[in-house]
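Enquirer: This is the content of input_21.pdb (PDB, C-alpha atoms):
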MODEL        1
ATOM      1  CA  PHE A1190      -0.988  25.188  11.682
ATOM      2  CA  ALA A1191      -0.465  22.072   9.566
ATOM      3  CA  ASN A1192       1.180  19.238  11.494
ATOM      4  CA  CYS A1193       2.699  17.950   8.271
ATOM      5  CA  ILE A1194       2.925  18.970   4.607
ATOM      6  CA  PRO A1195      -0.692  19.586   3.480
ATOM      7  CA  PHE A1196      -2.299  17.453   0.786
ATOM      8  CA  THR A1197      -5.881  18.545   0.172
ATOM      9  CA  TYR A1198      -8.772  17.054  -1.777
ATOM     10  CA  THR A1199      -8.220  19.786  -4.378
ATOM     11  CA  ASP A1200      -4.545  18.796  -4.615
ATOM     12  CA  GLN A1201      -5.596  15.238  -5.322
ATOM     13  CA  GLN A1202      -8.174  16.227  -7.958
ATOM     14  CA  ARG A1203      -5.648  18.381  -9.807
ATOM     15  CA  TYR A1204      -3.054  15.606  -9.586
ATOM     16  CA  LEU A1205      -5.357  12.937 -11.027
ATOM     17  CA  ASN A1206      -6.696  15.342 -13.648
ATOM     18  CA  GLU A1207      -3.205  15.726 -15.108
ATOM     19  CA  TYR A1208      -2.907  11.993 -15.692
ATOM     20  CA  GLN A1209      -6.474  11.702 -16.941
ATOM     21  CA  LYS A1210      -5.873  14.334 -19.615
ATOM     22  CA  HIS A1211      -3.504  11.951 -21.371
ATOM     23  CA  GLU A1212      -5.084   8.566 -20.641
ATOM     24  CA  ASN A1213      -5.865   7.987 -24.332
ATOM     25  CA  THR A1214      -2.389   8.932 -25.530
ATOM     26  CA  LYS A1215       0.548   8.966 -23.129
ATOM     27  CA  TYR A1216      -1.055   6.853 -20.370
ATOM     28  CA  PRO A1217      -3.294   4.221 -22.002
ATOM     29  CA  PHE A1218      -2.774   1.991 -18.971
ATOM     30  CA  PHE A1219      -4.433   4.537 -16.641
ATOM     31  CA  THR A1220      -8.162   4.446 -15.869
ATOM     32  CA  ARG A1221      -9.922   6.738 -13.431
ATOM     33  CA  LYS A1222     -13.353   5.917 -12.032
ATOM     34  CA  VAL A1223     -15.603   7.015  -9.195
ATOM     35  CA  LEU A1224     -15.912   4.285  -6.579
ATOM     36  CA  CYS A1225     -18.797   5.958  -4.731
ATOM     37  CA  SER A1226     -20.103   9.252  -3.404
ATOM     38  CA  THR A1227     -19.628  10.267   0.218
ATOM     39  CA  LEU A1228     -22.315  11.519   2.599
ATOM     40  CA  ALA A1229     -21.393  15.073   1.608
ATOM     41  CA  GLY A1230     -21.574  14.234  -2.097
ATOM     42  CA  ASN A1231     -17.852  14.119  -2.830
ATOM     43  CA  ASP A1232     -16.339  11.589  -5.212
ATOM     44  CA  VAL A1233     -14.111   8.799  -3.924
ATOM     45  CA  ASP A1234     -11.697   8.366  -6.836
ATOM     46  CA  TYR A1235     -10.615   4.915  -7.902
ATOM     47  CA  VAL A1236      -7.628   4.346 -10.204
ATOM     48  CA  ILE A1237      -6.717   1.239 -12.189
ATOM     49  CA  ILE A1238      -3.185   0.870 -13.576
ATOM     50  CA  ASN A1239      -2.899  -2.048 -15.965
ATOM     51  CA  SER A1240      -1.043  -2.493 -19.239
ATOM     52  CA  THR A1241      -3.415  -3.811 -21.906
ATOM     53  CA  THR A1242      -0.975  -3.583 -24.821
ATOM     54  CA  THR A1243       0.951  -6.789 -24.079
ATOM     55  CA  ALA A1244       0.168 -10.333 -25.094
ATOM     56  CA  ARG A1245      -0.223 -11.337 -21.449
ATOM     57  CA  ASN A1246      -3.789 -12.295 -20.612
ATOM     58  CA  ASP A1247      -5.318 -10.233 -17.812
ATOM     59  CA  SER A1248      -6.568 -13.422 -16.181
ATOM     60  CA  GLU A1249      -2.932 -14.433 -15.580
ATOM     61  CA  LYS A1250      -2.103 -11.255 -13.700
ATOM     62  CA  GLU A1251      -2.040 -10.940  -9.940
ATOM     63  CA  GLY A1252      -3.696  -8.058  -8.134
ATOM     64  CA  VAL A1253      -2.360  -5.311  -5.890
ATOM     65  CA  VAL A1254      -4.513  -2.886  -3.883
ATOM     66  CA  PHE A1255      -3.360   0.410  -2.363
ATOM     67  CA  PHE A1256      -5.522   2.874  -0.438
ATOM     68  CA  ALA A1257      -4.819   5.913   1.733
ATOM     69  CA  ARG A1258      -6.254   8.709   3.894
ATOM     70  CA  GLN A1259      -8.809   6.800   5.929
ATOM     71  CA  HIS A1260      -7.617   9.189   8.614
ATOM     72  CA  PRO A1261      -7.767  12.688   7.085
ATOM     73  CA  SER A1262      -4.948  14.330   9.045
ATOM     74  CA  GLU A1263      -2.364  11.753   7.968
ATOM     75  CA  THR A1264      -1.245  13.689   4.916
ATOM     76  CA  VAL A1265       2.052  11.816   4.692
ATOM     77  CA  GLY A1266       0.002   8.876   3.405
ATOM     78  CA  SER A1267      -1.005  10.913   0.354
ATOM     79  CA  PHE A1268       2.600  11.747  -0.478
ATOM     80  CA  VAL A1269       3.629   8.104  -0.120
ATOM     81  CA  MET A1270       0.676   7.155  -2.335
ATOM     82  CA  LYS A1271       1.682   9.795  -4.875
ATOM     83  CA  GLY A1272       5.184   8.302  -4.953
ATOM     84  CA  ALA A1273       3.705   4.877  -5.674
ATOM     85  CA  ILE A1274       1.404   6.149  -8.440
ATOM     86  CA  ASP A1275       4.115   8.284 -10.060
ATOM     87  CA  PHE A1276       6.447   5.292 -10.125
ATOM     88  CA  LEU A1277       3.825   2.989 -11.638
ATOM     89  CA  MET A1278       3.001   5.603 -14.280
ATOM     90  CA  GLY A1279       6.651   6.025 -15.250
ATOM     91  CA  ASN A1280       8.681   4.654 -18.139
ATOM     92  CA  SER A1281      11.216   2.627 -16.173
ATOM     93  CA  ASP A1282      11.722  -1.045 -16.983
ATOM     94  CA  GLU A1283      10.525  -1.907 -13.492
ATOM     95  CA  ALA A1284       7.271   0.036 -13.909
ATOM     96  CA  ASN A1285       6.649  -1.507 -17.319
ATOM     97  CA  TYR A1286       7.183  -4.979 -15.899
ATOM     98  CA  LEU A1287       4.817  -4.333 -12.995
ATOM     99  CA  ARG A1288       2.085  -3.090 -15.329
ATOM    100  CA  GLU A1289       2.550  -6.169 -17.526
ATOM    101  CA  HIS A1290       2.269  -8.642 -14.634
ATOM    102  CA  PHE A1291      -0.101  -6.956 -12.174
ATOM    103  CA  ILE A1292      -3.358  -5.060 -12.069
ATOM    104  CA  PHE A1293      -3.158  -2.220  -9.557
ATOM    105  CA  LYS A1294      -6.372  -0.916  -8.010
ATOM    106  CA  ILE A1295      -5.784   2.265  -6.042
ATOM    107  CA  ILE A1296      -7.967   4.538  -3.904
ATOM    108  CA  PRO A1297      -5.796   7.607  -3.217
ATOM    109  CA  MET A1298      -8.158   9.302  -0.735
ATOM    110  CA  MET A1299     -10.787   7.182   1.013
ATOM    111  CA  ASN A1300     -12.131   9.906   3.280
ATOM    112  CA  PRO A1301     -12.496  13.117   1.253
ATOM    113  CA  ASP A1302     -15.239  14.444   3.549
ATOM    114  CA  GLY A1303     -12.902  14.277   6.532
ATOM    115  CA  VAL A1304     -10.099  15.904   4.534
ATOM    116  CA  ILE A1305     -12.308  18.751   3.320
ATOM    117  CA  ASN A1306     -13.737  19.433   6.784
ATOM    118  CA  GLY A1307     -10.384  19.294   8.566
ATOM    119  CA  ASN A1308     -11.113  16.221  10.660
ATOM    120  CA  THR A1309      -8.300  14.306  12.308
ATOM    121  CA  ARG A1310      -9.529  10.704  12.190
ATOM    122  CA  THR A1311     -13.207  10.705  11.307
ATOM    123  CA  SER A1312     -15.620  10.903   8.393
ATOM    124  CA  PHE A1313     -18.515  13.336   7.870
ATOM    125  CA  ALA A1314     -20.626  11.078  10.115
ATOM    126  CA  GLY A1315     -18.010  11.244  12.868
ATOM    127  CA  CYS A1316     -16.877   7.648  12.293
ATOM    128  CA  ASP A1317     -13.348   6.283  12.292
ATOM    129  CA  LEU A1318     -13.538   4.473   8.951
ATOM    130  CA  ASN A1319     -10.686   2.175   9.903
ATOM    131  CA  ARG A1320     -12.856   0.617  12.604
ATOM    132  CA  ARG A1321     -15.832  -0.097  10.339
ATOM    133  CA  TRP A1322     -14.536  -2.866   8.078
ATOM    134  CA  LEU A1323     -16.217  -5.784   9.824
ATOM    135  CA  LYS A1324     -19.770  -4.748   8.925
ATOM    136  CA  PRO A1325     -19.688  -1.426   7.068
ATOM    137  CA  ASN A1326     -23.048   0.253   6.553
ATOM    138  CA  GLU A1327     -23.623   1.242   2.934
ATOM    139  CA  SER A1328     -25.480   4.411   3.945
ATOM    140  CA  ILE A1329     -23.245   5.600   6.781
ATOM    141  CA  HIS A1330     -19.857   4.239   5.646
ATOM    142  CA  PRO A1331     -20.126   4.180   1.825
ATOM    143  CA  GLU A1332     -16.349   4.627   1.467
ATOM    144  CA  VAL A1333     -15.531   1.430   3.393
ATOM    145  CA  TYR A1334     -18.530  -0.524   2.108
ATOM    146  CA  ASN A1335     -17.650   0.050  -1.546
ATOM    147  CA  THR A1336     -13.897  -0.401  -1.051
ATOM    148  CA  LYS A1337     -14.489  -3.740   0.663
ATOM    149  CA  GLU A1338     -16.879  -4.804  -2.108
ATOM    150  CA  MET A1339     -14.288  -3.900  -4.746
ATOM    151  CA  ILE A1340     -11.485  -5.787  -2.985
ATOM    152  CA  THR A1341     -13.661  -8.857  -2.367
ATOM    153  CA  LYS A1342     -14.679  -9.025  -6.016
ATOM    154  CA  PHE A1343     -11.063  -8.498  -7.090
ATOM    155  CA  ALA A1344      -9.886 -11.326  -4.816
ATOM    156  CA  ASN A1345     -12.498 -13.661  -6.280
ATOM    157  CA  GLN A1346     -11.136 -12.969  -9.772
ATOM    158  CA  ARG A1347      -7.416 -13.471  -9.170
ATOM    159  CA  LYS A1348      -4.667 -13.954  -6.617
ATOM    160  CA  ILE A1349      -3.944 -10.790  -4.630
ATOM    161  CA  GLN A1350      -0.210 -10.270  -4.163
ATOM    162  CA  CYS A1351      -0.631  -7.628  -1.459
ATOM    163  CA  ILE A1352      -2.905  -4.975   0.009
ATOM    164  CA  VAL A1353      -1.350  -1.888   1.588
ATOM    165  CA  ASP A1354      -3.229   0.766   3.574
ATOM    166  CA  PHE A1355      -1.122   3.962   3.804
ATOM    167  CA  HIS A1356      -1.260   5.838   7.124
ATOM    168  CA  GLY A1357       0.644   8.459   9.082
ATOM    169  CA  HIS A1358       1.915   7.993  12.645
ATOM    170  CA  PHE A1359       2.021  10.713  15.308
ATOM    171  CA  GLY A1360       3.987   8.790  17.925
ATOM    172  CA  ALA A1361       6.992   7.254  16.196
ATOM    173  CA  PHE A1362       9.795   8.001  13.762
ATOM    174  CA  ASP A1363      10.564   6.256  10.455
ATOM    175  CA  SER A1364       8.262   4.177   8.268
ATOM    176  CA  PHE A1365       7.206   0.655   9.241
ATOM    177  CA  PHE A1366       4.510  -1.968   8.741
ATOM    178  CA  TYR A1367       1.726  -3.297  10.923
ATOM    179  CA  ALA A1368       1.008  -6.841   9.775
ATOM    180  CA  ASN A1369      -0.959  -9.875  10.856
ATOM    181  CA  HIS A1370       0.334 -12.841  12.782
ATOM    182  CA  ASP A1371       0.112 -16.620  12.612
ATOM    183  CA  LYS A1372       1.280 -18.307  15.806
ATOM    184  CA  GLU A1373       1.950 -21.536  13.917
ATOM    185  CA  ASN A1374       4.102 -19.922  11.223
ATOM    186  CA  PHE A1375       6.779 -17.539  12.463
ATOM    187  CA  ALA A1376       7.680 -16.279   8.973
ATOM    188  CA  PHE A1377       4.076 -15.612   7.953
ATOM    189  CA  CYS A1378       3.546 -12.026   6.746
ATOM    190  CA  LYS A1379       7.106 -11.006   7.617
ATOM    191  CA  PHE A1380       9.087 -11.457   4.412
ATOM    192  CA  PHE A1381       7.551  -8.595   2.403
ATOM    193  CA  PRO A1382       8.373  -5.944   5.075
ATOM    194  CA  PHE A1383      11.804  -7.504   5.589
ATOM    195  CA  LEU A1384      12.505  -7.361   1.855
ATOM    196  CA  ILE A1385      11.495  -3.709   1.517
ATOM    197  CA  SER A1386      13.446  -2.686   4.609
ATOM    198  CA  LYS A1387      16.645  -3.973   3.011
ATOM    199  CA  LYS A1388      16.224  -1.697  -0.003
ATOM    200  CA  ALA A1389      14.388   1.359   1.335
ATOM    201  CA  LYS A1390      16.109   4.228   3.118
ATOM    202  CA  CYS A1391      13.314   4.927   5.585
ATOM    203  CA  VAL A1392      11.473   1.620   6.178
ATOM    204  CA  ARG A1393      12.591  -0.022   9.434
ATOM    205  CA  PHE A1394      11.913  -3.734   9.972
ATOM    206  CA  ASP A1395      12.802  -3.565  13.666
ATOM    207  CA  LYS A1396       9.832  -1.229  14.173
ATOM    208  CA  CYS A1397       7.342  -3.466  12.365
ATOM    209  CA  LYS A1398       4.675  -5.112  14.513
ATOM    210  CA  PHE A1399       3.050  -8.441  13.721
ATOM    211  CA  SER A1400      -0.049  -8.997  15.828
ATOM    212  CA  MET A1401      -3.836  -8.885  15.817
ATOM    213  CA  PRO A1402      -4.962  -7.453  19.173
ATOM    214  CA  LYS A1403      -8.668  -7.036  19.872
ATOM    215  CA  MET A1404      -8.366  -3.260  19.641
ATOM    216  CA  LYS A1405      -7.544  -3.690  15.930
ATOM    217  CA  ASN A1406     -10.732  -5.592  15.151
ATOM    218  CA  GLY A1407     -12.653  -3.734  12.468
ATOM    219  CA  THR A1408      -9.534  -2.390  10.769
ATOM    220  CA  GLY A1409      -9.020  -3.053   7.085
ATOM    221  CA  ARG A1410      -5.820  -4.968   7.752
ATOM    222  CA  VAL A1411      -7.314  -7.487  10.170
ATOM    223  CA  ASP A1412     -10.729  -7.850   8.560
ATOM    224  CA  LEU A1413      -9.464  -8.411   5.004
ATOM    225  CA  PHE A1414      -6.909 -10.914   6.278
ATOM    226  CA  ARG A1415      -9.543 -12.928   8.134
ATOM    227  CA  GLU A1416     -12.287 -12.785   5.535
ATOM    228  CA  LEU A1417     -10.256 -13.177   2.343
ATOM    229  CA  ASN A1418      -7.321 -15.220   3.670
ATOM    230  CA  ILE A1419      -4.796 -12.944   1.956
ATOM    231  CA  GLU A1420      -1.368 -13.259   3.540
ATOM    232  CA  ASN A1421       0.137  -9.886   2.648
ATOM    233  CA  VAL A1422      -2.299  -7.319   4.057
ATOM    234  CA  PHE A1423      -0.462  -4.417   5.652
ATOM    235  CA  THR A1424      -0.827  -1.019   7.212
ATOM    236  CA  LEU A1425       2.164   1.092   6.216
ATOM    237  CA  GLU A1426       2.788   3.685   8.908
ATOM    238  CA  THR A1427       4.964   6.680   8.071
ATOM    239  CA  SER A1428       5.962   9.167  10.713
ATOM    240  CA  ASN A1429       4.528  12.665  10.618
ATOM    241  CA  PHE A1430       7.949  13.704  11.913
ATOM    242  CA  GLY A1431      10.877  12.027  10.232
ATOM    243  CA  ALA A1432      13.565   9.372  10.386
ATOM    244  CA  SER A1433      15.706   8.263  13.307
ATOM    245  CA  THR A1434      18.608   6.820  11.308
ATOM    246  CA  GLY A1435      20.229   6.921   7.891
ATOM    247  CA  GLU A1436      20.280   9.695   5.307
ATOM    248  CA  TYR A1437      17.208  11.456   6.742
ATOM    249  CA  ALA A1438      18.111  11.070  10.423
ATOM    250  CA  ASN A1439      16.939  13.879  12.700
ATOM    251  CA  LYS A1440      15.116  15.600   9.857
ATOM    252  CA  TYR A1441      11.455  16.001   9.103
ATOM    253  CA  PHE A1442      10.315  13.967   6.135
ATOM    254  CA  ASN A1443       9.998  16.187   3.093
ATOM    255  CA  ALA A1444       8.035  15.465  -0.080
ATOM    256  CA  LYS A1445      11.042  13.824  -1.729
ATOM    257  CA  SER A1446      11.620  11.312   1.058
ATOM    258  CA  LEU A1447       7.912  10.463   1.271
ATOM    259  CA  LEU A1448       7.668   9.911  -2.489
ATOM    260  CA  GLU A1449      10.645   7.557  -2.249
ATOM    261  CA  ILE A1450       8.808   5.398   0.285
ATOM    262  CA  GLY A1451       5.929   4.981  -2.177
ATOM    263  CA  ARG A1452       8.366   4.015  -4.916
ATOM    264  CA  ASP A1453      10.052   1.512  -2.585
ATOM    265  CA  VAL A1454       6.733  -0.200  -1.837
ATOM    266  CA  CYS A1455       6.260  -0.780  -5.584
ATOM    267  CA  LEU A1456       9.807  -2.106  -5.911
ATOM    268  CA  GLY A1457       9.015  -4.402  -3.001
ATOM    269  CA  VAL A1458       6.096  -5.831  -4.978
ATOM    270  CA  LEU A1459       8.483  -6.468  -7.865
ATOM    271  CA  MET A1460      11.100  -8.135  -5.654
ATOM    272  CA  MET A1461       8.456 -10.267  -3.963
ATOM    273  CA  HIS A1462       7.237 -11.365  -7.401
ATOM    274  CA  TYR A1463      10.761 -12.368  -8.417
ATOM    275  CA  HIS A1464      11.269 -14.183  -5.123
ATOM    276  CA  GLN A1465       8.072 -16.198  -5.547
ATOM    277  CA  ARG A1466       8.688 -17.059  -9.185
ATOM    278  CA  SER A1467      12.277 -18.122  -8.559
ATOM    279  CA  LYS A1468      11.046 -20.432  -5.791
ATOM    280  CA  MET A1469       8.648 -21.979  -8.321
ATOM    281  CA  GLY A1470      11.405 -22.402 -10.912
ATOM    282  CA  ILE A1471       9.724 -20.009 -13.360
ATOM    283  CA  ASP A1472      11.993 -18.118 -15.763
ATOM    284  CA  ILE A1473      12.112 -14.378 -15.094
ATOM    285  CA  ARG A1474      13.640 -11.293 -16.660
ATOM    286  CA  LYS A1475      16.796 -11.249 -14.577
ATOM    287  CA  SER A1476      18.086  -7.940 -15.890
ATOM    288  CA  LEU A1477      15.610  -6.022 -13.727
ATOM    289  CA  ILE A1478      16.565  -7.538 -10.404
ATOM    290  CA  ASN A1479      19.842  -8.593  -8.853
ATOM    291  CA  MET A1480      18.878 -12.147  -7.953
ATOM    292  CA  SER A1481      22.025 -12.715  -5.904
ATOM    293  CA  GLU A1482      20.993  -9.760  -3.752
ATOM    294  CA  ILE A1483      17.511 -11.226  -3.245
ATOM    295  CA  ARG A1484      19.015 -14.593  -2.357
ATOM    296  CA  GLY A1485      21.232 -12.820   0.169
ATOM    297  CA  ILE A1486      18.129 -11.229   1.705
ATOM    298  CA  GLU A1487      16.394 -14.621   1.707
ATOM    299  CA  ASN A1488      19.350 -16.157   3.562
ATOM    300  CA  GLU A1489      19.373 -13.317   6.073
ATOM    301  CA  PHE A1490      15.637 -13.745   6.615
ATOM    302  CA  ASP A1491      16.070 -17.486   7.143
ATOM    303  CA  LEU A1492      18.638 -16.749   9.849
ATOM    304  CA  TYR A1493      16.266 -14.257  11.444
ATOM    305  CA  CYS A1494      13.500 -16.871  11.510
ATOM    306  CA  ALA A1495      15.858 -19.519  12.872
ATOM    307  CA  ARG A1496      16.735 -17.261  15.779
ATOM    308  CA  GLY A1497      13.019 -16.972  16.504
ATOM    309  CA  LYS A1498      13.101 -13.275  17.285
ATOM    310  CA  GLY A1499       9.474 -12.106  16.964
ATOM    311  CA  MET A1500       8.286  -8.539  16.846
ATOM    312  CA  LYS A1501       6.878  -6.897  19.959
ATOM    313  CA  GLU A1502       3.126  -6.770  20.346
ATOM    314  CA  GLU A1503       1.217  -3.681  19.258
ATOM    315  CA  SER A1504       0.231  -1.350  22.018
TER     316      SER A1504
ENDMDL
END
Give the structure from the file, written as structure tokens.
Expert:
Amino acid sequence: FANCIPFTYTDQQRYLNEYQKHENTKYPFFTRKVLCSTLAGNDVDYVIINSTTTARNDSEKEGVVFFARQHPSETVGSFVMKGAIDFLMGNSDEANYLREHFIFKIIPMMNPDGVINGNTRTSFAGCDLNRRWLKPNESIHPEVYNTKEMITKFANQRKIQCIVDFHGHFGAFDSFFYANHDKENFAFCKFFPFLISKKAKCVRFDKCKFSMPKMKNGTGRVDLFRELNIENVFTLETSNFGASTGEYANKYFNAKSLLEIGRDVCLGVLMMHYHQRSKMGIDIRKSLINMSEIRGIENEFDLYCARGKGMKEES
């Protein structure tokens, strides 16, 4: 029995194939590559979404990295990822703006061997890939080794706005972020989750956790934060069950609700971009975003920080 809606390696290949068919016509901003081969000889697909038809120089663009399915059984992560990709590939003004101002590098399924073989958390070698980021072995953990190499090179080329690792959670409801923590800066890493939670139906800020316990050493979130000094590195956890409040309360997440979470993450990137540029006094296309709403969220966040209410430690 599937513990959540299935999303297989074949599903992913068919999904990406549909976009690739039209990459020279309808989707010129879509590029599909093979990041590496797994121990079992399967391809780890690697997608770049980047508009090259505008006058904006690529060197001016910031980077965003998404990846999913380090843990094979967490199929909700693939649906959230699909929602993000579908949104970025769309014709909305928001998607067009994101493609013009960011380069998205996306690995939809990091552990195809585990997915194909029906593993819960491990790769073909029996390794939990999300505990191998500190010193990945190119031969045993090619998926992590090559993903880390790609992200490191990307970060050396440009500023990285955010990195999000999509997971599923078997012990909690809703969708929420695990993020890093700076004891000297209470607001550090918190604004991006706070911002998304104010717009998304299923993302709960009160369930987010901001800490770096020893048991999380070797995870992508902690290792990339420490090695690359990127502020916004997150694990996005989405329940394998459903939501506890709001429109989807007491219901299992369906494909529609999971796709919406992926869309909301992309809109969060856009809102964060507007927030940062407005703070710098840079002119922005105000028609896309309600700036008064963002300022209201900023004020609410300032009050939250002033109260000094931190998140509980991860268990």
Enquirer: So what does the PyMOL selection byres ((chain A and resi 1449) around 9) actually pick up in this one, as a ChimeraX atom specification?
Expert: /A:1269,1272-1273,1389-1391,1444-1448,1450-1454
Enquirer: Give one line per residue of stretch 1267-1321 of chain A that approaches stretch 1250-1262 of chain A to at most 8 Å, naming the two atoms of the closest pair and their distance in Å to one decimal, counting only C-alpha atoms; sort by chain then ascending residue number and deliver it as JSON lines.
Expert:
{"residue": "A:Ser1267", "atom": "CA", "partner": "A:Ala1257", "partner_atom": "CA", "distance": 6.4}
{"residue": "A:Met1270", "atom": "CA", "partner": "A:Ala1257", "partner_atom": "CA", "distance": 6.9}
{"residue": "A:Glu1289", "atom": "CA", "partner": "A:Lys1250", "partner_atom": "CA", "distance": 7.9}
{"residue": "A:His1290", "atom": "CA", "partner": "A:Lys1250", "partner_atom": "CA", "distance": 5.2}
{"residue": "A:Phe1291", "atom": "CA", "partner": "A:Glu1251", "partner_atom": "CA", "distance": 5.0}
{"residue": "A:Ile1292", "atom": "CA", "partner": "A:Gly1252", "partner_atom": "CA", "distance": 5.0}
{"residue": "A:Phe1293", "atom": "CA", "partner": "A:Val1253", "partner_atom": "CA", "distance": 4.9}
{"residue": "A:Lys1294", "atom": "CA", "partner": "A:Val1254", "partner_atom": "CA", "distance": 4.9}
{"residue": "A:Ile1295", "atom": "CA", "partner": "A:Phe1255", "partner_atom": "CA", "distance": 4.8}
{"residue": "A:Ile1296", "atom": "CA", "partner": "A:Phe1256", "partner_atom": "CA", "distance": 4.6}
{"residue": "A:Pro1297", "atom": "CA", "partner": "A:Ala1257", "partner_atom": "CA", "distance": 5.3}
{"residue": "A:Met1298", "atom": "CA", "partner": "A:Arg1258", "partner_atom": "CA", "distance": 5.0}
{"residue": "A:Met1299", "atom": "CA", "partner": "A:Gln1259", "partner_atom": "CA", "distance": 5.3}
{"residue": "A:Asn1300", "atom": "CA", "partner": "A:Gln1259", "partner_atom": "CA", "distance": 5.3}
{"residue": "A:Pro1301", "atom": "CA", "partner": "A:Pro1261", "partner_atom": "CA", "distance": 7.5}
{"residue": "A:Gly1303", "atom": "CA", "partner": "A:Pro1261", "partner_atom": "CA", "distance": 5.4}
{"residue": "A:Val1304", "atom": "CA", "partner": "A:Pro1261", "partner_atom": "CA", "distance": 4.7}
{"residue": "A:Gly1307", "atom": "CA", "partner": "A:Pro1261", "partner_atom": "CA", "distance": 7.3}
{"residue": "A:Asn1308", "atom": "CA", "partner": "A:Pro1261", "partner_atom": "CA", "distance": 6.0}
{"residue": "A:Thr1309", "atom": "CA", "partner": "A:Ser1262", "partner_atom": "CA", "distance": 4.7}
{"residue": "A:Arg1310", "atom": "CA", "partner": "A:His1260", "partner_atom": "CA", "distance": 4.3}
{"residue": "A:Thr1311", "atom": "CA", "partner": "A:His1260", "partner_atom": "CA", "distance": 6.4}
{"residue": "A:Asp1317", "atom": "CA", "partner": "A:His1260", "partner_atom": "CA", "distance": 7.4}
{"residue": "A:Leu1318", "atom": "CA", "partner": "A:Gln1259", "partner_atom": "CA", "distance": 6.1}
{"residue": "A:Asn1319", "atom": "CA", "partner": "A:Gln1259", "partner_atom": "CA", "distance": 6.4}
Enquirer: With C-alpha atoms retained, export the selected residues as a compact mmCIF listing (two decimals), in the frame of the given file.
Expert:
# COMPACT_ATOMS: atom_id res chain seq x y z
CA SER A 1267 -1.00 10.91 0.35
CA MET A 1270 0.68 7.16 -2.34
CA GLU A 1289 2.55 -6.17 -17.53
CA HIS A 1290 2.27 -8.64 -14.63
CA PHE A 1291 -0.10 -6.96 -12.17
CA ILE A 1292 -3.36 -5.06 -12.07
CA PHE A 1293 -3.16 -2.22 -9.56
CA LYS A 1294 -6.37 -0.92 -8.01
CA ILE A 1295 -5.78 2.26 -6.04
CA ILE A 1296 -7.97 4.54 -3.90
CA PRO A 1297 -5.80 7.61 -3.22
CA MET A 1298 -8.16 9.30 -0.74
CA MET A 1299 -10.79 7.18 1.01
CA ASN A 1300 -12.13 9.91 3.28
CA PRO A 1301 -12.50 13.12 1.25
CA GLY A 1303 -12.90 14.28 6.53
CA VAL A 1304 -10.10 15.90 4.53
CA GLY A 1307 -10.38 19.29 8.57
CA ASN A 1308 -11.11 16.22 10.66
CA THR A 1309 -8.30 14.31 12.31
CA ARG A 1310 -9.53 10.70 12.19
CA THR A 1311 -13.21 10.70 11.31
CA ASP A 1317 -13.35 6.28 12.29
CA LEU A 1318 -13.54 4.47 8.95
CA ASN A 1319 -10.69 2.17 9.90
Enquirer: Expand the PyMOL selection byres ((chain A and resi 1398-1400) around 12) into the individual residues it matches in the shown file, reporting them as a VMD selection string.
Expert: chain A and resid 1364 to 1372 1374 to 1380 1382 to 1383 1393 to 1397 1401 to 1406 1410 to 1411 1414 1421 to 1426 1498 to 1504
Enquirer: Have a look at atom CA of A:Arg1221 and atom CA of A:Arg1203 and let me know their distance in Å, one decimal.
Expert: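 One can read the atom CA of A:Arg1221 to atom CA of A:Arg1203 distance as 12.9 Å.
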Enquirer: Nearest to A:Thr1199 among A:Met1469, A:Leu1224, A:Ile1305, A:Val1233, with distances taken over all atoms listed in the file: which residue is it?
Expert: A:Ile1305
Enquirer: Between atom CA of A:Tyr1286 and atom CA of A:Asn1239, what is the distance in Å, rounded to a tenth?
Expert: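 It comes out at 10.5 Å.
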Enquirer: Using all atoms listed in the file, which protein or nucleic acid residues come within 8 Å of A:Ala1344? Drop anything in the same chain fewer than 4 positions from it, and give the result as a list in words.
Expert: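 Once the adjacent positions are removed, what remains is Gly1252, Ile1340, Lys1348, Ile1349 and Leu1417 of chain A.
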Enquirer: So, counting only C-alpha atoms, which residue among A:Leu1384, A:Ser1240, A:Ala1229, A:Arg1347 is closest to A:Asp1491?
Expert: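 Distance minimum relative to A:Asp1491 lands on A:Leu1384.
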Enquirer: Rank nothing, just name the residue among A:Leu1413, A:Leu1228, A:Cys1351, A:Ala1284 nearest to A:Ile1329, using all atoms listed in the file.
Expert: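 Among the listed residues, the smallest separation from A:Ile1329 belongs to A:Leu1228.
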Enquirer: In Å, rounded to a single decimal, give me how far atom CA of A:Gln1346 is from atom CA of A:Glu1249.
Expert: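 So the two atoms, atom CA of A:Glu1249 and atom CA of A:Gln1346, lie 10.2 Å apart.
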Enquirer: Fewer than 6 positions away in the same chain doesn't count, so skip those; otherwise give me all residues within 6 Å of A:Asp1363, counting all atoms listed in the file, as a list in words.
Expert: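 Once the adjacent positions are removed, what remains is Cys1391, Ser1428, Gly1431 and Ala1432 of chain A.
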Enquirer: Just to be explicit: take each residue in the selection above, keep C-alpha atoms, and write the result as a PDB file, keeping the file's coordinate frame.
Expert:
ATOM      1  CA  CYS A1391      13.314   4.927   5.585  1.00  0.00           C
ATOM      2  CA  SER A1428       5.962   9.167  10.713  1.00  0.00           C
ATOM      3  CA  GLY A1431      10.877  12.027  10.232  1.00  0.00           C
ATOM      4  CA  ALA A1432      13.565   9.372  10.386  1.00  0.00           C
TER       5      ALA A1432
END
